[in-house]
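Quick notes on the structure that follows.
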Amino acid sequence: MPTVPDPAPCDQDEQLYECPECGRRLCESTSPTVCPDCDGRLQNLSRPGPE
Ligand SMILES: [Zn+2]
């Protein structure tokens, strides 16, 4: 069983990011590190750990 479910659909070339500060989620093909809403640090949910 996967421990991290896919929380939202993104295009294949995009990854899902979430801001733990305000809960905003966004799909980006680039690698954003800062939340556009609150300047919090984004977490990459599509890639939960280094492989
Ligand atoms: Zn935020």
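Each chain in the structure tokens gets a letter, A, B, ..., in the order shown, and its residues are numbered from 1; ligands are numbered from 1 in order too.
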If we count only C-alpha atoms and set the cut-off at 9 Å, which residues sit around segment 16-33 of chain A, ignoring sequence neighbours fewer than 5 positions away in its own chain? Please answer as a ChimeraX atom specification. /A:7-11,38-47
